[in-house]
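Structure data (TSV, C-alpha atoms) from model11.tsv:
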chain	number	residue	atom	x	y	z
A	1	LEU	CA	-30.67	-88.55	140.35
A	2	ALA	CA	-31.89	-87.51	143.77
A	3	SER	CA	-34.65	-84.93	144.03
A	4	GLN	CA	-32.32	-82.29	145.49
A	5	ALA	CA	-29.92	-82.74	142.57
A	6	LEU	CA	-32.73	-82.18	140.06
A	7	LEU	CA	-33.87	-78.89	141.60
A	8	PRO	CA	-31.25	-76.69	139.86
A	9	LEU	CA	-32.26	-78.19	136.51
A	10	VAL	CA	-35.92	-77.60	137.31
A	11	THR	CA	-35.10	-73.99	138.17
A	12	LEU	CA	-33.50	-73.43	134.77
A	13	LEU	CA	-36.53	-74.91	133.03
A	14	LEU	CA	-39.13	-72.94	134.99
A	15	ALA	CA	-37.40	-69.55	135.06
A	16	PRO	CA	-38.20	-68.55	131.42
A	17	LEU	CA	-41.90	-69.38	131.88
A	18	VAL	CA	-42.46	-66.88	134.69
A	19	PHE	CA	-41.26	-63.98	132.53
A	20	VAL	CA	-44.58	-64.02	130.67
A	21	ARG	CA	-46.62	-61.12	132.08
A	22	ASP	CA	-49.74	-61.26	129.91
A	23	LEU	CA	-52.37	-63.51	131.48
A	24	ARG	CA	-53.82	-64.39	128.08
A	25	SER	CA	-50.49	-65.91	127.07
A	26	TYR	CA	-51.04	-68.67	129.62
A	27	ASP	CA	-54.02	-70.08	127.70
A	28	TRP	CA	-52.03	-72.67	125.78
A	29	MET	CA	-50.12	-73.64	128.93
A	30	ASN	CA	-53.33	-74.17	130.86
A	31	ILE	CA	-54.93	-76.24	128.09
A	32	THR	CA	-51.81	-78.37	127.55
A	33	SER	CA	-51.34	-79.01	131.27
A	34	GLY	CA	-55.01	-79.90	131.66
A	35	LEU	CA	-54.83	-82.44	128.85
A	36	ALA	CA	-51.58	-83.93	130.18
A	37	LEU	CA	-52.96	-84.25	133.69
A	38	THR	CA	-56.21	-85.79	132.44
A	39	VAL	CA	-54.37	-88.44	130.44
A	40	ALA	CA	-52.09	-89.18	133.42
A	41	LEU	CA	-55.05	-89.61	135.77
A	42	LEU	CA	-56.82	-91.88	133.28
A	43	CYS	CA	-53.69	-94.04	132.97
A	44	ILE	CA	-53.32	-94.38	136.75
A	45	THR	CA	-57.02	-95.15	137.16
A	46	ALA	CA	-56.83	-97.79	134.44
A	47	ALA	CA	-53.77	-99.37	136.10
A	48	ALA	CA	-55.58	-99.40	139.45
A	49	ALA	CA	-58.64	-101.01	137.85
A	50	TRP	CA	-56.46	-103.65	136.20
A	51	LYS	CA	-54.78	-104.41	139.52
A	52	ARG	CA	-58.20	-104.67	141.15
A	53	VAL	CA	-59.36	-107.21	138.54
A	54	VAL	CA	-56.19	-109.30	138.15
A	55	ASN	CA	-55.04	-109.45	141.75
A	56	PRO	CA	-57.56	-107.85	144.13
A	57	SER	CA	-56.46	-107.01	147.63
A	58	LYS	CA	-57.54	-109.49	150.31
A	59	GLU	CA	-57.37	-106.88	153.06
A	60	PRO	CA	-60.55	-105.62	154.72
A	61	ILE	CA	-61.63	-102.19	153.56
A	62	LEU	CA	-61.07	-99.44	156.12
A	63	TRP	CA	-63.50	-96.62	155.45
A	64	ALA	CA	-61.46	-94.14	157.51
A	65	ASN	CA	-57.90	-93.93	158.77
A	66	TYR	CA	-58.44	-92.16	162.06
A	67	GLU	CA	-54.71	-92.07	162.87
A	68	ALA	CA	-54.00	-89.79	159.90
A	69	LEU	CA	-57.38	-88.03	159.81
A	70	SER	CA	-56.11	-84.70	161.12
A	71	LEU	CA	-53.16	-84.74	158.71
A	72	SER	CA	-55.48	-85.50	155.80
A	73	LEU	CA	-57.41	-82.30	156.52
A	74	GLY	CA	-54.42	-80.21	155.47
A	75	THR	CA	-54.01	-82.32	152.34
A	76	ALA	CA	-57.70	-81.86	151.52
A	77	VAL	CA	-57.47	-78.09	151.98
A	78	TYR	CA	-54.48	-78.11	149.62
A	79	ALA	CA	-56.99	-78.84	146.84
A	80	PHE	CA	-57.73	-75.09	146.95
A	81	GLU	CA	-54.21	-74.28	145.77
A	82	GLY	CA	-55.55	-72.53	142.67
A	83	ILE	CA	-58.07	-70.38	144.53
A	84	GLY	CA	-55.89	-67.32	144.07
A	85	MET	CA	-56.67	-67.33	140.34
A	86	VAL	CA	-60.43	-66.88	140.79
A	87	LEU	CA	-60.40	-63.08	140.95
A	88	PRO	CA	-57.87	-62.63	138.08
A	89	ALA	CA	-59.98	-65.03	135.98
A	90	TYR	CA	-63.10	-63.03	136.82
A	91	ILE	CA	-61.41	-59.77	135.84
A	92	GLY	CA	-60.28	-61.32	132.56
A	93	THR	CA	-63.78	-62.62	131.78
A	94	SER	CA	-65.92	-60.72	129.31
A	95	PRO	CA	-68.52	-58.51	131.04
A	96	LYS	CA	-71.25	-60.35	129.15
A	97	LEU	CA	-70.16	-63.67	130.68
A	98	ARG	CA	-69.54	-62.48	134.25
A	99	PRO	CA	-73.12	-63.23	135.43
A	100	TYR	CA	-72.41	-66.92	134.72
A	101	PHE	CA	-69.01	-66.94	136.43
A	102	LYS	CA	-70.25	-67.96	139.89
A	103	ASP	CA	-72.22	-70.94	138.58
A	104	LEU	CA	-69.25	-72.00	136.45
A	105	VAL	CA	-66.86	-71.94	139.42
A	106	THR	CA	-69.34	-73.87	141.56
A	107	LYS	CA	-69.82	-76.56	138.93
A	108	THR	CA	-66.07	-76.78	138.33
A	109	LEU	CA	-65.35	-77.29	142.04
A	110	SER	CA	-68.09	-79.93	142.24
A	111	VAL	CA	-66.63	-81.86	139.31
A	112	LEU	CA	-63.12	-81.63	140.78
A	113	LEU	CA	-64.40	-82.92	144.12
A	114	ALA	CA	-66.04	-85.89	142.41
A	115	ILE	CA	-62.84	-86.65	140.47
A	116	LEU	CA	-60.69	-86.50	143.62
A	117	ILE	CA	-63.02	-88.83	145.53
A	118	PHE	CA	-63.27	-91.31	142.66
A	119	PHE	CA	-59.52	-91.32	142.00
A	120	ALA	CA	-58.53	-91.76	145.65
A	121	THR	CA	-61.12	-94.50	146.20
A	122	SER	CA	-60.04	-96.40	143.08
A	123	CYS	CA	-56.38	-96.37	144.12
A	124	TYR	CA	-57.15	-97.46	147.68
A	125	LEU	CA	-59.41	-100.33	146.55
A	126	ALA	CA	-56.64	-101.51	144.20
A	127	PHE	CA	-53.57	-101.22	146.42
A	128	GLY	CA	-55.05	-101.35	149.93
A	129	SER	CA	-52.80	-100.40	152.83
A	130	ARG	CA	-49.78	-100.48	150.49
A	131	THR	CA	-50.99	-97.31	148.79
A	132	GLN	CA	-48.12	-94.86	148.92
A	133	THR	CA	-48.24	-91.08	149.26
A	134	ILE	CA	-47.01	-90.79	145.68
A	135	VAL	CA	-49.31	-93.14	143.81
A	136	LEU	CA	-47.00	-93.07	140.77
A	137	LEU	CA	-44.77	-95.47	142.69
A	138	GLN	CA	-47.54	-98.08	142.50
A	139	LEU	CA	-47.29	-98.37	138.73
A	140	PRO	CA	-45.30	-101.30	137.25
A	141	SER	CA	-41.64	-100.41	137.51
A	142	GLY	CA	-39.65	-100.02	134.33
A	143	SER	CA	-42.78	-99.93	132.19
A	144	ASP	CA	-43.58	-97.46	129.45
A	145	LEU	CA	-46.80	-96.64	131.30
A	146	LYS	CA	-44.99	-95.40	134.39
A	147	THR	CA	-42.49	-93.36	132.38
A	148	SER	CA	-45.25	-91.80	130.27
A	149	VAL	CA	-47.34	-90.87	133.31
A	150	GLN	CA	-44.34	-89.34	135.05
A	151	LEU	CA	-43.50	-87.24	131.99
A	152	LEU	CA	-47.12	-86.11	131.58
A	153	TYR	CA	-47.40	-85.17	135.25
A	154	SER	CA	-44.08	-83.31	135.15
A	155	LEU	CA	-45.22	-81.41	132.07
A	156	ALA	CA	-48.50	-80.42	133.77
A	157	LEU	CA	-46.67	-79.19	136.87
A	158	ALA	CA	-44.16	-77.18	134.85
A	159	LEU	CA	-46.82	-75.45	132.74
A	160	THR	CA	-49.07	-74.58	135.69
A	161	PHE	CA	-46.20	-73.28	137.83
A	162	PRO	CA	-46.05	-69.74	136.34
A	163	LEU	CA	-49.85	-69.44	136.41
A	164	ALA	CA	-49.92	-70.38	140.10
A	165	LEU	CA	-47.38	-67.65	140.91
A	166	TRP	CA	-48.99	-65.00	138.73
A	167	PRO	CA	-51.30	-63.49	141.42
A	168	ALA	CA	-48.43	-63.28	143.91
A	169	TYR	CA	-46.21	-61.58	141.33
A	170	LYS	CA	-48.86	-59.01	140.46
A	171	ILE	CA	-49.37	-58.10	144.12
A	172	LEU	CA	-45.64	-57.91	144.85
A	173	GLU	CA	-44.95	-55.83	141.75
A	174	ALA	CA	-47.72	-53.38	142.59
A	175	ARG	CA	-46.53	-53.07	146.19
A	176	THR	CA	-42.85	-52.82	145.28
A	177	PHE	CA	-42.87	-50.63	142.17
A	178	GLY	CA	-46.29	-48.98	142.28
A	179	ALA	CA	-47.11	-46.58	139.49
A	180	HIS	CA	-43.42	-46.22	138.62
A	181	GLY	CA	-43.11	-49.84	137.52
A	182	LYS	CA	-42.76	-49.05	133.81
A	183	GLY	CA	-39.89	-48.69	131.41
A	184	ARG	CA	-36.87	-50.81	130.55
A	185	THR	CA	-35.22	-50.47	133.96
A	186	ALA	CA	-38.42	-51.28	135.81
A	187	GLY	CA	-38.95	-54.27	133.51
A	188	SER	CA	-35.56	-55.65	134.52
A	189	TRP	CA	-36.51	-55.34	138.17
A	190	HIS	CA	-39.79	-57.13	137.42
A	191	PHE	CA	-37.87	-60.01	135.89
A	192	ALA	CA	-35.48	-60.08	138.84
A	193	LEU	CA	-38.40	-60.26	141.26
A	194	ARG	CA	-39.99	-63.11	139.33
A	195	LEU	CA	-36.70	-64.98	139.15
A	196	PHE	CA	-36.29	-64.56	142.91
A	197	GLY	CA	-39.75	-66.10	143.33
A	198	VAL	CA	-38.66	-69.17	141.40
A	199	PHE	CA	-35.55	-69.63	143.54
A	200	LEU	CA	-37.59	-69.11	146.71
A	201	THR	CA	-40.15	-71.77	145.79
A	202	VAL	CA	-37.36	-74.19	144.88
A	203	LEU	CA	-35.72	-73.64	148.27
A	204	LEU	CA	-39.04	-74.21	150.02
A	205	ALA	CA	-39.40	-77.50	148.13
A	206	LEU	CA	-36.12	-78.89	149.49
A	207	PRO	CA	-37.66	-80.55	152.58
A	208	GLY	CA	-40.55	-81.93	150.53
A	209	PRO	CA	-39.20	-85.36	149.44
A	210	GLY	CA	-39.70	-87.92	152.16
A	211	ARG	CA	-42.23	-85.74	153.99
A	212	LEU	CA	-44.62	-85.01	151.16
A	213	GLY	CA	-47.78	-85.58	153.20
A	214	GLU	CA	-46.65	-83.27	155.99
A	215	PHE	CA	-45.34	-80.69	153.53
A	216	VAL	CA	-48.60	-80.56	151.57
A	217	ALA	CA	-50.60	-80.31	154.81
A	218	LEU	CA	-48.36	-77.46	155.95
A	219	VAL	CA	-48.88	-75.53	152.73
A	220	GLY	CA	-52.61	-76.19	152.92
A	221	ALA	CA	-52.75	-74.86	156.48
A	222	LEU	CA	-50.68	-71.71	155.94
A	223	ALA	CA	-51.78	-70.73	152.43
A	224	CYS	CA	-54.81	-72.54	151.07
A	225	ALA	CA	-57.12	-72.42	154.10
A	226	PRO	CA	-56.74	-68.65	154.66
A	227	LEU	CA	-57.07	-67.83	150.95
A	228	ALA	CA	-60.04	-70.11	150.36
A	229	ILE	CA	-62.03	-69.69	153.59
A	230	THR	CA	-60.81	-67.10	156.09
A	231	PHE	CA	-59.85	-64.05	154.00
A	232	PRO	CA	-62.85	-64.07	151.59
A	233	ALA	CA	-65.32	-64.34	154.48
A	234	LEU	CA	-63.52	-61.64	156.46
A	235	ILE	CA	-63.46	-59.27	153.49
A	236	HIS	CA	-67.13	-59.94	152.72
A	237	TRP	CA	-68.01	-59.27	156.36
A	238	GLY	CA	-66.14	-55.97	156.23
A	239	LEU	CA	-67.97	-54.96	153.05
A	240	GLY	CA	-71.27	-55.86	154.69
A	241	ARG	CA	-70.62	-53.38	157.47
A	242	ARG	CA	-69.99	-50.64	154.93
A	243	TYR	CA	-72.69	-51.40	152.37
A	244	ALA	CA	-76.25	-52.34	153.22
A	245	GLY	CA	-77.95	-55.28	151.57
A	246	LEU	CA	-75.13	-57.84	151.86
A	247	ASP	CA	-75.94	-61.03	153.72
A	248	THR	CA	-73.06	-61.53	156.16
A	249	ARG	CA	-74.68	-63.97	158.59
A	250	GLY	CA	-72.35	-66.82	157.72
A	251	ASP	CA	-69.14	-64.81	157.33
A	252	LEU	CA	-67.95	-64.93	160.93
A	253	TYR	CA	-68.77	-68.63	161.07
A	254	LEU	CA	-66.54	-69.23	158.05
A	255	VAL	CA	-63.77	-67.13	159.62
A	256	VAL	CA	-63.86	-69.27	162.77
A	257	VAL	CA	-63.88	-72.48	160.71
A	258	GLY	CA	-60.95	-71.26	158.60
A	259	VAL	CA	-58.87	-70.24	161.62
A	260	LEU	CA	-59.55	-73.52	163.45
A	261	LEU	CA	-58.75	-75.52	160.32
A	262	THR	CA	-55.48	-73.63	159.90
A	263	LEU	CA	-54.45	-74.21	163.51
A	264	VAL	CA	-55.37	-77.91	163.52
A	265	CYS	CA	-53.59	-78.61	160.23
A	266	LEU	CA	-50.54	-76.59	161.26
A	267	VAL	CA	-50.15	-78.32	164.62
A	268	THR	CA	-50.74	-81.76	163.11
A	269	ALA	CA	-48.18	-81.22	160.35
A	270	ALA	CA	-45.63	-79.96	162.88
A	271	LEU	CA	-46.17	-82.99	165.12
A	272	HIS	CA	-45.83	-85.46	162.25
A	273	TRP	CA	-42.73	-83.69	160.94
A	274	ASP	CA	-40.53	-85.26	163.63
A	275	GLU	CA	-41.54	-88.78	162.62
A	276	GLN	CA	-39.35	-90.99	160.50
A	277	PRO	CA	-39.52	-89.56	156.97
A	278	GLU	CA	-40.67	-91.70	154.10
A	279	VAL	CA	-37.58	-93.05	152.36
A	280	LEU	CA	-37.47	-92.17	148.68
A	281	PRO	CA	-34.22	-93.70	147.39
A	282	ARG	CA	-32.80	-93.39	143.97
A	283	PHE	CA	-34.00	-96.89	143.11
A	284	CYS	CA	-37.19	-98.44	144.44
A	285	THR	CA	-37.72	-102.15	144.91
A	286	VAL	CA	-41.32	-103.22	144.51
A	287	ALA	CA	-42.72	-106.69	145.06
A	288	ALA	CA	-44.57	-108.07	142.06
A	289	ARG	CA	-47.38	-109.16	144.32
A	290	ASP	CA	-48.20	-105.49	145.00
A	291	LEU	CA	-48.46	-104.81	141.28
A	292	GLY	CA	-50.54	-107.79	140.30
A	293	THR	CA	-47.79	-109.59	138.33
A	294	SER	CA	-47.31	-113.33	138.29
A	295	LYS	CA	-44.78	-115.52	140.08
A	296	GLY	CA	-41.71	-116.94	138.47
A	297	SER	CA	-41.10	-120.61	137.84
A	298	SER	CA	-39.29	-120.98	141.13
A	299	GLY	CA	-42.24	-119.56	143.04
A	300	ASP	CA	-40.33	-116.47	144.11
A	301	LEU	CA	-41.70	-113.03	143.44
A	302	PHE	CA	-40.07	-110.95	140.77
A	303	LEU	CA	-38.45	-107.77	142.08
A	304	PHE	CA	-38.17	-104.66	139.97
A	305	ARG	CA	-35.69	-101.84	140.39
A	306	SER	CA	-36.42	-98.62	138.56
A	307	PRO	CA	-35.19	-95.03	138.80
A	308	LEU	CA	-37.74	-92.64	140.24
A	309	LEU	CA	-38.10	-89.87	137.69
A	310	LEU	CA	-40.56	-87.96	139.83
A	311	HIS	CA	-40.65	-87.87	143.63
Same coordinates, now as structure tokens:
Amino acid sequence: LASQALLPLVTLLLAPLVFVRDLRSYDWMNITSGLALTVALLCITAAAAWKRVVNPSKEPILWANYEALSLSLGTAVYAFEGIGMVLPAYIGTSPKLRPYFKDLVTKTLSVLLAILIFFATSCYLAFGSRTQTIVLLQLPSGSDLKTSVQLLYSLALALTFPLALWPAYKILEARTFGAHGKGRTAGSWHFALRLFGVFLTVLLALPGPGRLGEFVALVGALACAPLAITFPALIHWGLGRRYAGLDTRGDLYLVVVGVLLTLVCLVTAALHWDEQPEVLPRFCTVAARDLGTSKGSSGDLFLFRSPLLLH
């Protein structure tokens, strides 16, 4: 099935998850998604290492792709997609553990940065210039490995979806219903608002397939950069003007960096949007040479055709 045809089914699967309003109820979802994503990343890294050993790329290593450097900035900023959960997580932390919260977040971000760099480098060294935007397409077609990784990644995305929308729902509910947002009638309106959020995100995902790089950069520019860099620094600067003792020397610098990063990523994504989109057909033909497989008896390369379960 095409990606657009799967979206209604995805909506039906995700809608019940967003009705959970207690943040503590997301614990099992977060743990399960983390385990699924870890196993999927390990499988892809192992496949890339196997490709590197069996059939290493003969291409020279390019340490930087300057043509797509500006677009990659938006993709890099997208790594802060979960930054909106920092404050809710801090509020939900026990008062005895809050003094350690800052160090924990710093160490977590450092580990995630190391994982992203290692994973991206491993895939590039294995597949070279043939590395696709969706690295799942590099796995051997029709194999159990590819199907398992796709299912694990889909599970991780589905379970983290309601947690990613939770801060936005809490803000919208407080602004919309205020102190009167209680009772059976108000609860129905809460559910309606959350269901509307699911449909809205699904509609926003429609142009994603084929332009995934540009779409991710656009989201990173409009949402992640302001939430991770601009707004926190601006709020801290405002608090520093009201309360003495706060060090605000670097706040305005961060605000300027965040605004410039947003503008650069936004303009770059808009300029690349008019380019020929990446074709993601229902079936993908992959040369065996790209996957490290052997040649047939006739010397021709085997060709694999497999349905893409995840775009």
So which one's closest to Gly92 of chain A, A:Leu261, A:Asp22, A:Leu239, A:Leu145? Using only C-alpha atoms, please. A:Asp22
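Separating atom CA of Phe127 of chain A from atom CA of Cys265 of chain A is a distance of 26.5 Å.
You will find atom CA of Gly82 of chain A at 17.4 Å from atom CA of Ala233 of chain A.
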List as a VMD selection string the protein and nucleic acid residues near Leu155 of chain A, meaning an atom at most 9 Å away when all atoms listed in the file are counted, but skip any in the same chain fewer than 2 places from it. chain A and resid 32 to 33 36 to 37 150 to 153 157 to 160
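With all atoms listed in the file as the atoms that count, the residue of A:Pro232, A:Pro140, A:Pro99, A:Pro8 with the shortest distance to Asp251 of chain A is A:Pro232.
Reported to one decimal place, the separation of atom CA of Val267 of chain A from atom CA of Val219 of chain A is 12.3 Å.
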Give me, as a PyMOL selection string, all polymer residues having an atom no more than 9 Å from segment 67-77 of chain A, counting all atoms listed in the file and skipping those fewer than 2 positions away in the same chain. chain A and resi 64-65+79-81+213-221+224-225+228+261-262+264-266+268-269+272
Could you turn the residues from that selection into a file that holds C-alpha atoms, as a PDB file, in the frame of the given file?
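Saved as again04.pdb:
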ATOM      1  CA  ALA A  64     -61.460 -94.140 157.510  1.00  0.00           C
ATOM      2  CA  ASN A  65     -57.900 -93.930 158.770  1.00  0.00           C
ATOM      3  CA  ALA A  79     -56.990 -78.840 146.840  1.00  0.00           C
ATOM      4  CA  PHE A  80     -57.730 -75.090 146.950  1.00  0.00           C
ATOM      5  CA  GLU A  81     -54.210 -74.280 145.770  1.00  0.00           C
ATOM      6  CA  GLY A 213     -47.780 -85.580 153.200  1.00  0.00           C
ATOM      7  CA  GLU A 214     -46.650 -83.270 155.990  1.00  0.00           C
ATOM      8  CA  PHE A 215     -45.340 -80.690 153.530  1.00  0.00           C
ATOM      9  CA  VAL A 216     -48.600 -80.560 151.570  1.00  0.00           C
ATOM     10  CA  ALA A 217     -50.600 -80.310 154.810  1.00  0.00           C
ATOM     11  CA  LEU A 218     -48.360 -77.460 155.950  1.00  0.00           C
ATOM     12  CA  VAL A 219     -48.880 -75.530 152.730  1.00  0.00           C
ATOM     13  CA  GLY A 220     -52.610 -76.190 152.920  1.00  0.00           C
ATOM     14  CA  ALA A 221     -52.750 -74.860 156.480  1.00  0.00           C
ATOM     15  CA  CYS A 224     -54.810 -72.540 151.070  1.00  0.00           C
ATOM     16  CA  ALA A 225     -57.120 -72.420 154.100  1.00  0.00           C
ATOM     17  CA  ALA A 228     -60.040 -70.110 150.360  1.00  0.00           C
ATOM     18  CA  LEU A 261     -58.750 -75.520 160.320  1.00  0.00           C
ATOM     19  CA  THR A 262     -55.480 -73.630 159.900  1.00  0.00           C
ATOM     20  CA  VAL A 264     -55.370 -77.910 163.520  1.00  0.00           C
ATOM     21  CA  CYS A 265     -53.590 -78.610 160.230  1.00  0.00           C
ATOM     22  CA  LEU A 266     -50.540 -76.590 161.260  1.00  0.00           C
ATOM     23  CA  THR A 268     -50.740 -81.760 163.110  1.00  0.00           C
ATOM     24  CA  ALA A 269     -48.180 -81.220 160.350  1.00  0.00           C
ATOM     25  CA  HIS A 272     -45.830 -85.460 162.250  1.00  0.00           C
TER      26      HIS A 272
END
Ile235 of chain A surroundings by all atoms listed in the file, 12 Å radius, close-in-sequence under 2 positions cut, as a list of chain:residue names: A:Pro226, A:Leu227, A:Ala228, A:Ile229, A:Thr230, A:Phe231, A:Pro232, A:Ala233, A:Trp237, A:Gly238, A:Leu239, A:Gly240, A:Arg241, A:Arg242, A:Leu246, A:Thr248, A:Asp251, A:Leu252, A:Leu254, A:Val255
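Counting only C-alpha atoms, Ala15 of chain A has the following residues at most 10 Å away, ignoring those fewer than 2 positions along the same chain: A:Val10, A:Thr11, A:Leu12, A:Leu13, A:Leu17, A:Val18, A:Phe19, A:Phe161, A:Pro162, A:Phe191, A:Arg194, A:Leu195, A:Phe196, A:Gly197, A:Val198, A:Phe199.
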At a cut-off of 9 Å, using all atoms listed in the file, what residues contact Trp166 of chain A? Leave out same-chain residues fewer than 2 positions from it and give the result as a PyMOL selection string. chain A and resi 18+21+23+85+161-164+168-171
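Considering all atoms listed in the file, the residue among A:Pro16, A:Gly34, A:Pro56, A:Pro167 positioned nearest to Ile83 of chain A is A:Pro167.
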Nearest residue to Ala126 of chain A from the set A:Val256, A:Ala270, A:Ala49, A:Leu113 (distances using only C-alpha atoms): A:Ala49
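Take the candidates A:Lys58, A:Arg24, A:Arg211, A:Lys51 and check each one against Ser129 of chain A using only C-alpha atoms; the shortest distance goes to A:Lys58.
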Would you give the centre and edge lengths, in Å to one decimal, of a box along x, y and z around the listed atoms of segment 66-73 of chain A, with 8 Å added to each side, as AutoDock Vina command-line options?
--center_x -55.8 --center_y -87.2 --center_z 159.3 --size_x 21.3 --size_y 25.9 --size_z 23.1
